[in-house]
Amino acid sequence: MQLSSPQHHAAQFGPRHRSAAAAAPRRALVRARASATSSQVESVKRELLEVVSRTGRGVSTSPADLRLIQEAVAELRRAGADSETTDPSQSGTWELLWTSEKETLFILERAPLFGTQTGAVYQVIDTTTSGSGSPSSPSSSGGGGSGFLQNVITFPPEGAFIVDSSLAVAGRQRVEFGFTAAKLKLPGGRALGLPPFGKGWFDNLYLDGELRVSYDSRGDTLITRRAGPPRRFT
């Protein structure tokens, strides 16, 4: 039996065939990876929710739990890598489950020193209205439109720390924001206005009907669960 030479195979296996053959394994790998991600994502979410439930929203995160959270976030980030996470489905009232943000953790941990307790913590995203509550208009920066962002730490039964921001979609996963107002809501209907300052961005690394994982311009991670449609805190 005569064996063909490598050169003969190369001649038959021209550039077009080589290109198609090389692309086939890549397509298979992408399909396999997508299938694995789809089958595993619910398990990863369940594990993540279980871990963060014992961390006091981040206040008492152990080094072992932090590693588990980081690994789960990395898995969800890969699962959501090709998704658009800044469409209207991001709009909602999102309740904080876990954060690495030092300022929020300080308030959560130290509130009892000031004679109060923290309640639920929310991030409200509304891409359909501007900060004034009027319908959104196209962003002057060329993004996908303006909207409203609110960060809220509640102090039951009446208190709250509320920070308002404008919001603009800047990409398939990135949202830019700028602070517009802040106040400390006190018992008895009183409120103490605070000067807002600063701006930044966050990327929605993963988003579905229940869970949102975001990473912001300060290097902090936020894990939130949908609590309902956008609710304006006043």
# chains A, B, ... in the order shown; residues from 1 in each chain; ligands from 1

call {"tool": "residues_around", "arguments": {"residues": "Trp201 in chain A", "least_positions_apart": "5", "cutoff": "10 Å", "atoms": "only C-alpha atoms", "output": "list in words"}}
result
Leu167, Ala168, Val169, Ala170, Arg174, Val175, Glu176, Phe177, Gly178, Tyr215, Asp216, Ser217 and Arg218 of chain A

call {"tool": "residues_around", "arguments": {"residues": "Leu194 in chain A", "least_positions_apart": "4", "cutoff": "8 Å", "atoms": "only C-alpha atoms", "output": "list in words"}}
result
Ala181, Ala182, Lys183 and Leu184 of chain A

call {"tool": "residues_around", "arguments": {"residues": "Phe106 in chain A", "least_positions_apart": "2", "cutoff": "12 Å", "atoms": "only C-alpha atoms", "output": "VMD selection string"}}
result
chain A and resid 57 to 60 99 to 104 108 to 113 118 153

call {"tool": "write_last_selection", "arguments": {"atoms": "C-alpha atoms", "output": "CSV table (one decimal), in the first residue's frame"}}
result
chain,number,residue,atom,x,y,z
A,57,ARG,CA,-24.3,40.8,53.3
A,58,GLY,CA,-20.5,40.9,53.3
A,59,VAL,CA,-19.8,42.1,56.9
A,60,SER,CA,-18.7,38.7,58.2
A,99,THR,CA,-21.0,43.5,48.6
A,100,SER,CA,-17.3,44.2,49.0
A,101,GLU,CA,-17.9,48.0,49.1
A,102,LYS,CA,-16.3,49.3,52.3
A,103,GLU,CA,-18.6,52.3,52.9
A,104,THR,CA,-21.7,50.1,52.8
A,108,LEU,CA,-24.1,47.8,58.1
A,109,GLU,CA,-21.6,46.9,60.8
A,110,ARG,CA,-21.5,50.2,62.8
A,111,ALA,CA,-25.2,51.2,62.7
A,112,PRO,CA,-25.8,49.8,66.2
A,113,LEU,CA,-23.2,52.2,67.6
A,118,THR,CA,-29.9,48.6,59.2
A,153,ILE,CA,-29.9,51.8,53.0

call {"tool": "closest_residue", "arguments": {"among": "A:Ser39, A:Val163, A:Thr86, A:Trp98", "to": "Asp65 in chain A", "atoms": "only C-alpha atoms"}}
result
A:Trp98

call {"tool": "atom_distance", "arguments": {"atom1": "CA of Leu186 in chain A", "atom2": "CA of Phe233 in chain A"}}
result
13.5 Å
